[in-house]
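Listing of my_file.pdb, PDB, C-alpha atoms, pLDDT in the B column
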ATOM      1  CA  MET A 230     110.688 133.905 112.400  1.00 78.00           C
ATOM      2  CA  TYR A 231     112.411 131.267 114.481  1.00 86.00           C
ATOM      3  CA  LEU A 232     116.049 130.494 113.736  1.00 95.00           C
ATOM      4  CA  VAL A 233     116.786 126.966 114.901  1.00 97.00           C
ATOM      5  CA  THR A 234     119.833 124.878 115.654  1.00 96.00           C
ATOM      6  CA  ALA A 235     120.243 121.331 114.385  1.00 96.00           C
ATOM      7  CA  ASP A 236     119.334 119.947 117.816  1.00 96.00           C
ATOM      8  CA  GLU A 237     116.190 122.087 118.047  1.00 97.00           C
ATOM      9  CA  MET A 238     115.067 120.992 114.595  1.00 97.00           C
ATOM     10  CA  ARG A 239     115.688 117.334 115.411  1.00 97.00           C
ATOM     11  CA  GLU A 240     113.661 117.696 118.599  1.00 97.00           C
ATOM     12  CA  MET A 241     110.753 119.200 116.669  1.00 97.00           C
ATOM     13  CA  ASP A 242     110.893 116.372 114.142  1.00 97.00           C
ATOM     14  CA  HIS A 243     111.072 113.803 116.944  1.00 97.00           C
ATOM     15  CA  ARG A 244     108.085 115.210 118.815  1.00 98.00           C
ATOM     16  CA  THR A 245     106.049 115.491 115.615  1.00 98.00           C
ATOM     17  CA  ILE A 246     106.700 111.832 114.850  1.00 97.00           C
ATOM     18  CA  GLU A 247     106.504 110.360 118.361  1.00 97.00           C
ATOM     19  CA  SER A 248     103.897 112.431 120.194  1.00 96.00           C
ATOM     20  CA  PHE A 249     101.824 113.964 117.391  1.00 97.00           C
ATOM     21  CA  GLY A 250     101.877 110.790 115.292  1.00 97.00           C
ATOM     22  CA  VAL A 251     103.006 112.035 111.872  1.00 97.00           C
ATOM     23  CA  PRO A 252     105.296 109.371 110.340  1.00 97.00           C
ATOM     24  CA  GLY A 253     108.785 110.464 109.400  1.00 97.00           C
ATOM     25  CA  ARG A 254     108.121 109.377 105.843  1.00 98.00           C
ATOM     26  CA  VAL A 255     105.235 111.863 105.638  1.00 98.00           C
ATOM     27  CA  LEU A 256     107.524 114.682 106.773  1.00 98.00           C
ATOM     28  CA  MET A 257     110.042 113.627 104.107  1.00 98.00           C
ATOM     29  CA  GLU A 258     107.303 113.558 101.472  1.00 98.00           C
ATOM     30  CA  ASN A 259     106.115 117.031 102.488  1.00 98.00           C
ATOM     31  CA  ALA A 260     109.687 118.313 102.375  1.00 98.00           C
ATOM     32  CA  GLY A 261     110.402 116.850  98.958  1.00 98.00           C
ATOM     33  CA  LEU A 262     107.152 118.020  97.393  1.00 98.00           C
ATOM     34  CA  GLY A 263     107.510 121.524  98.818  1.00 98.00           C
ATOM     35  CA  ALA A 264     111.113 121.722  97.629  1.00 98.00           C
ATOM     36  CA  THR A 265     110.129 120.563  94.135  1.00 98.00           C
ATOM     37  CA  ASN A 266     107.554 123.339  93.887  1.00 98.00           C
ATOM     38  CA  VAL A 267     110.131 125.909  94.997  1.00 98.00           C
ATOM     39  CA  MET A 268     112.707 124.586  92.553  1.00 98.00           C
ATOM     40  CA  GLN A 269     110.350 124.811  89.605  1.00 98.00           C
ATOM     41  CA  ALA A 270     109.374 128.347  90.594  1.00 98.00           C
ATOM     42  CA  HIS A 271     113.007 129.462  90.661  1.00 98.00           C
ATOM     43  CA  PHE A 272     114.252 127.435  87.687  1.00 98.00           C
ATOM     44  CA  PRO A 273     111.691 127.722  84.872  1.00 95.00           C
ATOM     45  CA  GLY A 274     112.010 125.428  81.872  1.00 96.00           C
ATOM     46  CA  LEU A 275     113.376 122.401  83.738  1.00 97.00           C
ATOM     47  CA  GLU A 276     111.482 120.141  81.320  1.00 96.00           C
ATOM     48  CA  SER A 277     114.068 120.987  78.666  1.00 97.00           C
ATOM     49  CA  LYS A 278     117.080 120.398  80.916  1.00 97.00           C
ATOM     50  CA  LYS A 279     118.916 117.501  82.520  1.00 98.00           C
ATOM     51  CA  VAL A 280     118.799 117.568  86.313  1.00 98.00           C
ATOM     52  CA  GLY A 281     121.362 115.743  88.427  1.00 98.00           C
ATOM     53  CA  VAL A 282     120.585 114.927  92.049  1.00 98.00           C
ATOM     54  CA  LEU A 283     123.715 114.608  94.180  1.00 98.00           C
ATOM     55  CA  ALA A 284     122.550 112.447  97.088  1.00 98.00           C
ATOM     56  CA  GLY A 285     123.944 111.022 100.285  1.00 98.00           C
ATOM     57  CA  ARG A 286     122.599 107.987 102.098  1.00 97.00           C
ATOM     58  CA  GLY A 287     120.893 109.855 104.953  1.00 96.00           C
ATOM     59  CA  ASN A 288     117.643 111.785 105.215  1.00 97.00           C
ATOM     60  CA  ASN A 289     118.994 114.654 103.116  1.00 97.00           C
ATOM     61  CA  GLY A 290     119.458 112.157 100.320  1.00 98.00           C
ATOM     62  CA  GLY A 291     115.957 110.844 101.034  1.00 98.00           C
ATOM     63  CA  ASP A 292     114.560 114.335 100.432  1.00 98.00           C
ATOM     64  CA  GLY A 293     116.491 114.347  97.164  1.00 98.00           C
ATOM     65  CA  PHE A 294     114.919 111.045  96.106  1.00 98.00           C
ATOM     66  CA  VAL A 295     111.450 112.513  96.678  1.00 98.00           C
ATOM     67  CA  ILE A 296     112.396 115.557  94.593  1.00 98.00           C
ATOM     68  CA  ALA A 297     113.687 113.290  91.816  1.00 98.00           C
ATOM     69  CA  ARG A 298     110.365 111.422  91.813  1.00 98.00           C
ATOM     70  CA  TYR A 299     108.234 114.552  91.566  1.00 98.00           C
ATOM     71  CA  LEU A 300     110.453 116.095  88.893  1.00 98.00           C
ATOM     72  CA  SER A 301     110.102 112.887  86.889  1.00 98.00           C
ATOM     73  CA  PHE A 302     106.314 113.011  87.283  1.00 98.00           C
ATOM     74  CA  ARG A 303     106.451 116.504  85.770  1.00 97.00           C
ATOM     75  CA  GLY A 304     108.425 115.488  82.696  1.00 97.00           C
ATOM     76  CA  VAL A 305     111.922 116.424  83.839  1.00 98.00           C
ATOM     77  CA  LYS A 306     114.831 114.153  82.925  1.00 98.00           C
ATOM     78  CA  VAL A 307     116.507 113.282  86.232  1.00 98.00           C
ATOM     79  CA  THR A 308     119.565 111.246  87.153  1.00 98.00           C
ATOM     80  CA  VAL A 309     120.493 110.511  90.776  1.00 98.00           C
ATOM     81  CA  PHE A 310     124.189 110.297  91.626  1.00 98.00           C
ATOM     82  CA  LEU A 311     124.300 108.429  94.937  1.00 98.00           C
ATOM     83  CA  LEU A 312     127.585 108.781  96.819  1.00 98.00           C
ATOM     84  CA  SER A 313     127.120 105.372  98.408  1.00 98.00           C
ATOM     85  CA  LYS A 314     125.976 101.869  97.626  1.00 97.00           C
ATOM     86  CA  LYS A 315     122.202 101.508  97.338  1.00 98.00           C
ATOM     87  CA  GLY A 316     122.204  98.812 100.010  1.00 97.00           C
ATOM     88  CA  LYS A 317     123.542 101.234 102.601  1.00 98.00           C
ATOM     89  CA  VAL A 318     120.531 103.560 102.301  1.00 98.00           C
ATOM     90  CA  LYS A 319     118.100 102.661 105.093  1.00 98.00           C
ATOM     91  CA  GLY A 320     114.881 103.842 106.728  1.00 98.00           C
ATOM     92  CA  ASP A 321     112.681 106.465 105.102  1.00 98.00           C
ATOM     93  CA  ALA A 322     115.458 107.383 102.672  1.00 98.00           C
ATOM     94  CA  GLY A 323     115.761 103.743 101.599  1.00 98.00           C
ATOM     95  CA  ALA A 324     111.998 103.496 101.046  1.00 98.00           C
ATOM     96  CA  ASN A 325     112.062 106.538  98.780  1.00 98.00           C
ATOM     97  CA  LEU A 326     115.116 105.271  96.922  1.00 98.00           C
ATOM     98  CA  ALA A 327     113.227 102.038  96.175  1.00 98.00           C
ATOM     99  CA  LEU A 328     110.428 104.029  94.506  1.00 98.00           C
ATOM    100  CA  LEU A 329     112.789 105.332  91.833  1.00 98.00           C
ATOM    101  CA  GLY A 330     113.274 101.903  90.240  1.00 97.00           C
ATOM    102  CA  PRO A 331     109.709 101.443  88.939  1.00 97.00           C
ATOM    103  CA  LEU A 332     109.883 104.952  87.478  1.00 97.00           C
ATOM    104  CA  ASP A 333     113.083 104.134  85.553  1.00 97.00           C
ATOM    105  CA  ILE A 334     114.928 107.033  87.177  1.00 98.00           C
ATOM    106  CA  PRO A 335     118.649 106.225  86.828  1.00 98.00           C
ATOM    107  CA  VAL A 336     120.529 105.871  90.113  1.00 98.00           C
ATOM    108  CA  VAL A 337     124.295 105.940  89.601  1.00 98.00           C
ATOM    109  CA  GLU A 338     126.315 104.550  92.516  1.00 98.00           C
ATOM    110  CA  VAL A 339     129.431 106.639  93.236  1.00 98.00           C
ATOM    111  CA  GLU A 340     130.860 104.863  96.254  1.00 97.00           C
ATOM    112  CA  ASP A 341     134.440 106.224  96.286  1.00 98.00           C
ATOM    113  CA  SER A 342     136.942 108.525  94.603  1.00 98.00           C
ATOM    114  CA  ALA A 343     137.715 106.032  91.839  1.00 98.00           C
ATOM    115  CA  ALA A 344     134.026 105.712  90.966  1.00 98.00           C
ATOM    116  CA  LEU A 345     133.613 109.492  91.039  1.00 98.00           C
ATOM    117  CA  LYS A 346     136.424 109.890  88.534  1.00 98.00           C
ATOM    118  CA  LYS A 347     134.703 107.422  86.179  1.00 98.00           C
ATOM    119  CA  LYS A 348     131.281 109.049  86.508  1.00 98.00           C
ATOM    120  CA  LYS A 349     132.397 112.622  85.845  1.00 97.00           C
ATOM    121  CA  VAL A 350     131.617 112.264  82.134  1.00 97.00           C
ATOM    122  CA  ALA A 351     127.972 111.563  82.972  1.00 97.00           C
ATOM    123  CA  MET A 352     127.950 114.285  85.633  1.00 98.00           C
ATOM    124  CA  ARG A 353     129.196 116.852  83.128  1.00 98.00           C
ATOM    125  CA  GLN A 354     126.086 116.242  81.023  1.00 97.00           C
ATOM    126  CA  GLN A 355     123.767 117.677  83.690  1.00 98.00           C
ATOM    127  CA  ASP A 356     122.453 121.236  83.349  1.00 98.00           C
ATOM    128  CA  VAL A 357     121.093 121.854  86.863  1.00 98.00           C
ATOM    129  CA  TRP A 358     121.958 120.224  90.187  1.00 98.00           C
ATOM    130  CA  VAL A 359     119.958 119.302  93.257  1.00 98.00           C
ATOM    131  CA  ASP A 360     122.304 119.204  96.241  1.00 98.00           C
ATOM    132  CA  ALA A 361     120.944 116.551  98.631  1.00 98.00           C
ATOM    133  CA  LEU A 362     124.246 115.281  99.924  1.00 98.00           C
ATOM    134  CA  LEU A 363     124.706 116.419 103.535  1.00 97.00           C
ATOM    135  CA  GLY A 364     122.187 117.794 106.011  1.00 94.00           C
ATOM    136  CA  THR A 365     122.135 119.446 109.415  1.00 94.00           C
ATOM    137  CA  GLY A 366     124.069 116.677 111.161  1.00 89.00           C
ATOM    138  CA  LEU A 367     127.440 117.723 109.750  1.00 92.00           C
ATOM    139  CA  ASN A 368     129.901 118.678 112.507  1.00 87.00           C
ATOM    140  CA  ALA A 369     133.309 117.881 110.979  1.00 95.00           C
ATOM    141  CA  ASP A 370     135.149 118.717 107.773  1.00 97.00           C
ATOM    142  CA  VAL A 371     133.876 117.024 104.618  1.00 98.00           C
ATOM    143  CA  ARG A 372     136.400 114.483 103.363  1.00 97.00           C
ATOM    144  CA  GLY A 373     137.066 111.955 100.621  1.00 98.00           C
ATOM    145  CA  HIS A 374     134.816 111.654  97.582  1.00 98.00           C
ATOM    146  CA  TYR A 375     132.107 113.755  99.262  1.00 98.00           C
ATOM    147  CA  ARG A 376     134.465 116.745  99.261  1.00 98.00           C
ATOM    148  CA  GLU A 377     135.653 115.922  95.751  1.00 98.00           C
ATOM    149  CA  ALA A 378     132.044 115.875  94.525  1.00 98.00           C
ATOM    150  CA  ILE A 379     131.287 119.236  96.163  1.00 98.00           C
ATOM    151  CA  ASP A 380     134.385 120.787  94.587  1.00 98.00           C
ATOM    152  CA  PHE A 381     133.464 119.296  91.211  1.00 98.00           C
ATOM    153  CA  ILE A 382     129.963 120.809  91.314  1.00 98.00           C
ATOM    154  CA  ASN A 383     131.322 124.206  92.342  1.00 98.00           C
ATOM    155  CA  ARG A 384     133.854 124.195  89.522  1.00 97.00           C
ATOM    156  CA  ARG A 385     131.088 123.512  87.005  1.00 95.00           C
ATOM    157  CA  ASN A 386     129.516 126.864  87.929  1.00 93.00           C
ATOM    158  CA  GLN A 387     126.039 125.568  87.094  1.00 96.00           C
ATOM    159  CA  PRO A 388     122.788 126.385  88.912  1.00 98.00           C
ATOM    160  CA  VAL A 389     122.498 124.457  92.188  1.00 98.00           C
ATOM    161  CA  PHE A 390     119.376 123.965  94.290  1.00 98.00           C
ATOM    162  CA  SER A 391     120.284 122.938  97.843  1.00 98.00           C
ATOM    163  CA  VAL A 392     118.048 120.798 100.038  1.00 98.00           C
ATOM    164  CA  ASP A 393     117.708 122.125 103.628  1.00 98.00           C
ATOM    165  CA  LEU A 394     121.150 123.772 103.502  1.00 97.00           C
ATOM    166  CA  PRO A 395     124.185 123.745 101.200  1.00 98.00           C
ATOM    167  CA  SER A 396     126.214 120.588 101.753  1.00 98.00           C
ATOM    168  CA  GLY A 397     129.336 121.325 103.777  1.00 98.00           C
ATOM    169  CA  LEU A 398     127.768 124.126 105.828  1.00 98.00           C
ATOM    170  CA  ASN A 399     127.548 123.942 109.604  1.00 97.00           C
ATOM    171  CA  SER A 400     123.868 124.613 110.259  1.00 97.00           C
ATOM    172  CA  ASP A 401     124.501 126.165 113.691  1.00 97.00           C
ATOM    173  CA  THR A 402     127.439 128.466 112.941  1.00 96.00           C
ATOM    174  CA  GLY A 403     127.289 129.174 109.207  1.00 97.00           C
ATOM    175  CA  GLN A 404     130.908 128.102 108.871  1.00 97.00           C
ATOM    176  CA  VAL A 405     132.259 126.003 106.018  1.00 98.00           C
ATOM    177  CA  CYS A 406     133.300 122.487 107.007  1.00 97.00           C
ATOM    178  CA  GLY A 407     136.243 122.100 104.664  1.00 97.00           C
ATOM    179  CA  SER A 408     134.277 122.669 101.467  1.00 98.00           C
ATOM    180  CA  CYS A 409     130.721 123.794 100.785  1.00 98.00           C
ATOM    181  CA  ILE A 410     128.281 123.906  97.883  1.00 98.00           C
ATOM    182  CA  ARG A 411     127.554 127.368  96.499  1.00 98.00           C
ATOM    183  CA  ALA A 412     123.809 127.319  95.937  1.00 98.00           C
ATOM    184  CA  ARG A 413     121.677 129.629  93.849  1.00 98.00           C
ATOM    185  CA  VAL A 414     118.574 128.682  95.859  1.00 98.00           C
ATOM    186  CA  THR A 415     118.130 126.778  99.127  1.00 98.00           C
ATOM    187  CA  ALA A 416     114.846 125.273 100.348  1.00 98.00           C
ATOM    188  CA  THR A 417     115.060 124.693 104.091  1.00 98.00           C
ATOM    189  CA  PHE A 418     112.516 122.687 106.061  1.00 98.00           C
ATOM    190  CA  GLY A 419     110.388 123.680 109.015  1.00 97.00           C
ATOM    191  CA  PHE A 420     112.356 126.734 110.082  1.00 96.00           C
ATOM    192  CA  ALA A 421     115.419 128.631 108.913  1.00 96.00           C
ATOM    193  CA  LYS A 422     118.634 127.319 110.410  1.00 97.00           C
ATOM    194  CA  VAL A 423     120.938 129.736 112.230  1.00 97.00           C
ATOM    195  CA  GLY A 424     123.789 128.993 109.823  1.00 97.00           C
ATOM    196  CA  LEU A 425     121.731 130.180 106.857  1.00 97.00           C
ATOM    197  CA  LYS A 426     121.402 133.673 108.312  1.00 95.00           C
ATOM    198  CA  VAL A 427     124.977 134.376 109.394  1.00 95.00           C
ATOM    199  CA  PHE A 428     128.062 134.656 107.238  1.00 96.00           C
ATOM    200  CA  PRO A 429     129.524 132.945 105.359  1.00 97.00           C
ATOM    201  CA  GLY A 430     126.458 130.666 105.223  1.00 97.00           C
ATOM    202  CA  ALA A 431     124.161 133.545 104.272  1.00 97.00           C
ATOM    203  CA  ALA A 432     126.261 134.137 101.151  1.00 97.00           C
ATOM    204  CA  LEU A 433     126.454 130.452 100.193  1.00 98.00           C
ATOM    205  CA  CYS A 434     122.768 129.527 100.348  1.00 98.00           C
ATOM    206  CA  GLY A 435     121.599 131.977  97.673  1.00 98.00           C
ATOM    207  CA  GLU A 436     117.888 132.762  97.811  1.00 98.00           C
ATOM    208  CA  LEU A 437     116.350 131.092 100.850  1.00 97.00           C
ATOM    209  CA  GLU A 438     112.855 129.593 100.973  1.00 97.00           C
ATOM    210  CA  VAL A 439     111.368 128.011 104.118  1.00 97.00           C
ATOM    211  CA  ILE A 440     109.089 125.006 103.528  1.00 97.00           C
ATOM    212  CA  ASP A 441     106.267 124.104 105.920  1.00 97.00           C
ATOM    213  CA  ILE A 442     106.513 120.320 106.371  1.00 97.00           C
ATOM    214  CA  GLY A 443     103.709 119.909 108.881  1.00 96.00           C
ATOM    215  CA  ILE A 444     105.257 120.532 112.299  1.00 96.00           C
ATOM    216  CA  PRO A 445     102.429 121.710 114.611  1.00 96.00           C
ATOM    217  CA  PRO A 446     102.963 125.228 116.019  1.00 95.00           C
ATOM    218  CA  TYR A 447     102.550 124.018 119.600  1.00 96.00           C
ATOM    219  CA  ILE A 448     105.522 121.679 119.178  1.00 97.00           C
ATOM    220  CA  ALA A 449     107.714 124.499 117.886  1.00 94.00           C
ATOM    221  CA  GLU A 450     106.624 126.657 120.830  1.00 94.00           C
ATOM    222  CA  ALA A 451     107.331 123.838 123.298  1.00 95.00           C
ATOM    223  CA  VAL A 452     110.876 123.409 121.969  1.00 96.00           C
ATOM    224  CA  ASN A 453     111.176 127.196 122.269  1.00 87.00           C
ATOM    225  CA  PRO A 454     114.133 128.103 120.024  1.00 86.00           C
ATOM    226  CA  ARG A 455     116.294 130.807 121.585  1.00 81.00           C
ATOM    227  CA  ARG A 456     116.914 132.801 118.392  1.00 84.00           C
ATOM    228  CA  TYR A 457     114.465 134.842 116.384  1.00 76.00           C
ATOM    229  CA  LEU A 458     114.883 136.848 113.186  1.00 78.00           C
ATOM    230  CA  LEU A 459     113.120 140.176 113.645  1.00 73.00           C
ATOM    231  CA  THR A 460     113.544 141.812 110.251  1.00 63.00           C
ATOM    232  CA  LYS A 461     114.424 140.844 106.703  1.00 59.00           C
ATOM    233  CA  MET A 462     118.138 140.464 106.031  1.00 50.00           C
ATOM    234  CA  VAL A 463     119.844 142.255 103.161  1.00 49.00           C
ATOM    235  CA  PHE A 464     123.288 140.810 102.471  1.00 44.00           C
ATOM    236  CA  GLY A 465     123.372 139.478 105.998  1.00 41.00           C
ATOM    237  CA  THR A 466     122.565 142.761 107.731  1.00 38.00           C
ATOM    238  CA  ILE A 467     119.655 142.766 110.157  1.00 35.00           C
TER
END
How would this structure read if it were set down as structure tokens?
Amino acid sequence: MYLVTADEMREMDHRTIESFGVPGRVLMENAGLGATNVMQAHFPGLESKKVGVLAGRGNNGGDGFVIARYLSFRGVKVTVFLLSKKGKVKGDAGANLALLGPLDIPVVEVEDSAALKKKKVAMRQQDVWVDALLGTGLNADVRGHYREAIDFINRRNQPVFSVDLPSGLNSDTGQVCGSCIRARVTATFGFAKVGLKVFPGAALCGELEVIDIGIPPYIAEAVNPRRYLLTKMVFGTI
């Protein structure tokens, strides 16, 4: 199994979109649907629980919006807590955010620390969390209300399902960038990231599932990742 860096994964996505012709929105849809299926397999009985989606304004948040939509289709009560203003969400993520309105899925804007403090009452009412806050592009310590939100979720000690990787984890090194979500399950897209298979990342991602999002094998081979996992890991030991 390939282990990829953030740059290698971005290059695969880019080639799939630009040379193979699969729109980025299709890749996001595949990611969100696959992640929803994994989440329901690992967390039975979601229909009787309240699910909070902690979302950023980038593509990781976009994956979270797709998950929120599919959970809603399946009878799950979902609330999205967006750590931004809606108007700042652009591109494929913005398109998927717009689809939540007609479905009456609540989207709560949490644009700063003051707003986070006010919304904690509503956040405490959630039973399970989808972590769709920060993706593979993180290369500096998490700060401000993003870090406060991560710490809040961790203190709640509730089940967390992370999208692609736990927010606050460096996807290349497995190191914590200031603060990091502790996930029970992580659904990663395309290929496992290096940081999910080395410590401390391997201990923070919980059970790891890899979702096929439609990247052609020849593109992965052309990018030629330099790392490969030969055998199954048990507590991080190969």
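This file gives the following result for the PyMOL selection byres ((chain A and resi 302) around 12): Leu262, Thr265, Glu276, Val295, Ile296, Ala297, Arg298, Tyr299, Leu300, Ser301, Arg303, Gly304, Val305, Lys306, Val307, Leu329, Leu332, Asp333 and Ile334 of chain A.
What separates CA of Gly290 (chain A) from CA of Pro273 (chain A) is a distance of 23.3 Å.
CA of Thr234 (chain A) lies 12.0 Å from CA of Leu367 (chain A).
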(Q) Which residues are close to region 428-434 of chain A, i.e. within 10 Å by only C-alpha atoms, leaving aside same-chain residues fewer than 2 positions away? Reply as a ChimeraX atom specification. (A) /A:389-405,409-417,422-426,436-438,462-466
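Nearest residue to Asp321 (chain A), choosing from A:Leu232, A:Ala344, A:Leu362, A:Val255 and counting only C-alpha atoms: A:Val255.
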Q.
Need to verify the contact set: Val339 (chain A), 10 Å, only C-alpha atoms, exclusion of same-chain residues closer than 3 positions in sequence. Can you return it as number ranges by chain?
A. A: 283-285, 310-315, 336, 342-349, 374-375, 378
Selected residues written out with C-alpha atoms, as a CSV table (one decimal), in the coordinates of the input:
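Result written to again22.csv:
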chain,number,residue,atom,x,y,z
A,283,LEU,CA,123.7,114.6,94.2
A,284,ALA,CA,122.6,112.4,97.1
A,285,GLY,CA,123.9,111.0,100.3
A,310,PHE,CA,124.2,110.3,91.6
A,311,LEU,CA,124.3,108.4,94.9
A,312,LEU,CA,127.6,108.8,96.8
A,313,SER,CA,127.1,105.4,98.4
A,314,LYS,CA,126.0,101.9,97.6
A,315,LYS,CA,122.2,101.5,97.3
A,336,VAL,CA,120.5,105.9,90.1
A,342,SER,CA,136.9,108.5,94.6
A,343,ALA,CA,137.7,106.0,91.8
A,344,ALA,CA,134.0,105.7,91.0
A,345,LEU,CA,133.6,109.5,91.0
A,346,LYS,CA,136.4,109.9,88.5
A,347,LYS,CA,134.7,107.4,86.2
A,348,LYS,CA,131.3,109.0,86.5
A,349,LYS,CA,132.4,112.6,85.8
A,374,HIS,CA,134.8,111.7,97.6
A,375,TYR,CA,132.1,113.8,99.3
A,378,ALA,CA,132.0,115.9,94.5
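Between Tyr231 (chain A) and the residues A:Lys319, A:Gly443, A:Phe249, A:Phe420, the shortest atom-to-atom distance, using all atoms listed in the file, involves A:Phe420.
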(Q) Please expand the PyMOL selection byres ((chain A and resi 239) around 12) into the concrete residues it hits in this file, giving the result as a list in words. (A)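 Checked against the file, the PyMOL selection byres ((chain A and resi 239) around 12) matches Val233, Thr234, Ala235, Asp236, Glu237, Met238, Glu240, Met241, Asp242, His243, Arg244, Thr245, Ile246, Glu247, Gly253, Asn288, Gly364, Thr365, Gly366, Phe418, Gly419, Phe420, Lys422, Ile444, Ile448, Ala449, Val452 and Pro454 of chain A.
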Q. Expressed in Å to a single decimal, how great is the separation between CA of Ile382 (chain A) and CA of Gly320 (chain A)?
A.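 A separation of 27.4 Å between them.
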Q. Restricting the calculation to all atoms listed in the file, which member of A:Trp358, A:Ser408, A:Val439, A:Val337 is positioned closest to Val371 (chain A)?
A.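 Among the listed residues, the smallest separation from Val371 (chain A) belongs to A:Ser408.
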**Q.** From A:Gly287, A:Pro331, A:Gly281, A:Gly323, residue lying nearest Pro388 (chain A) [all atoms listed in the file]
**A.** A:Gly281
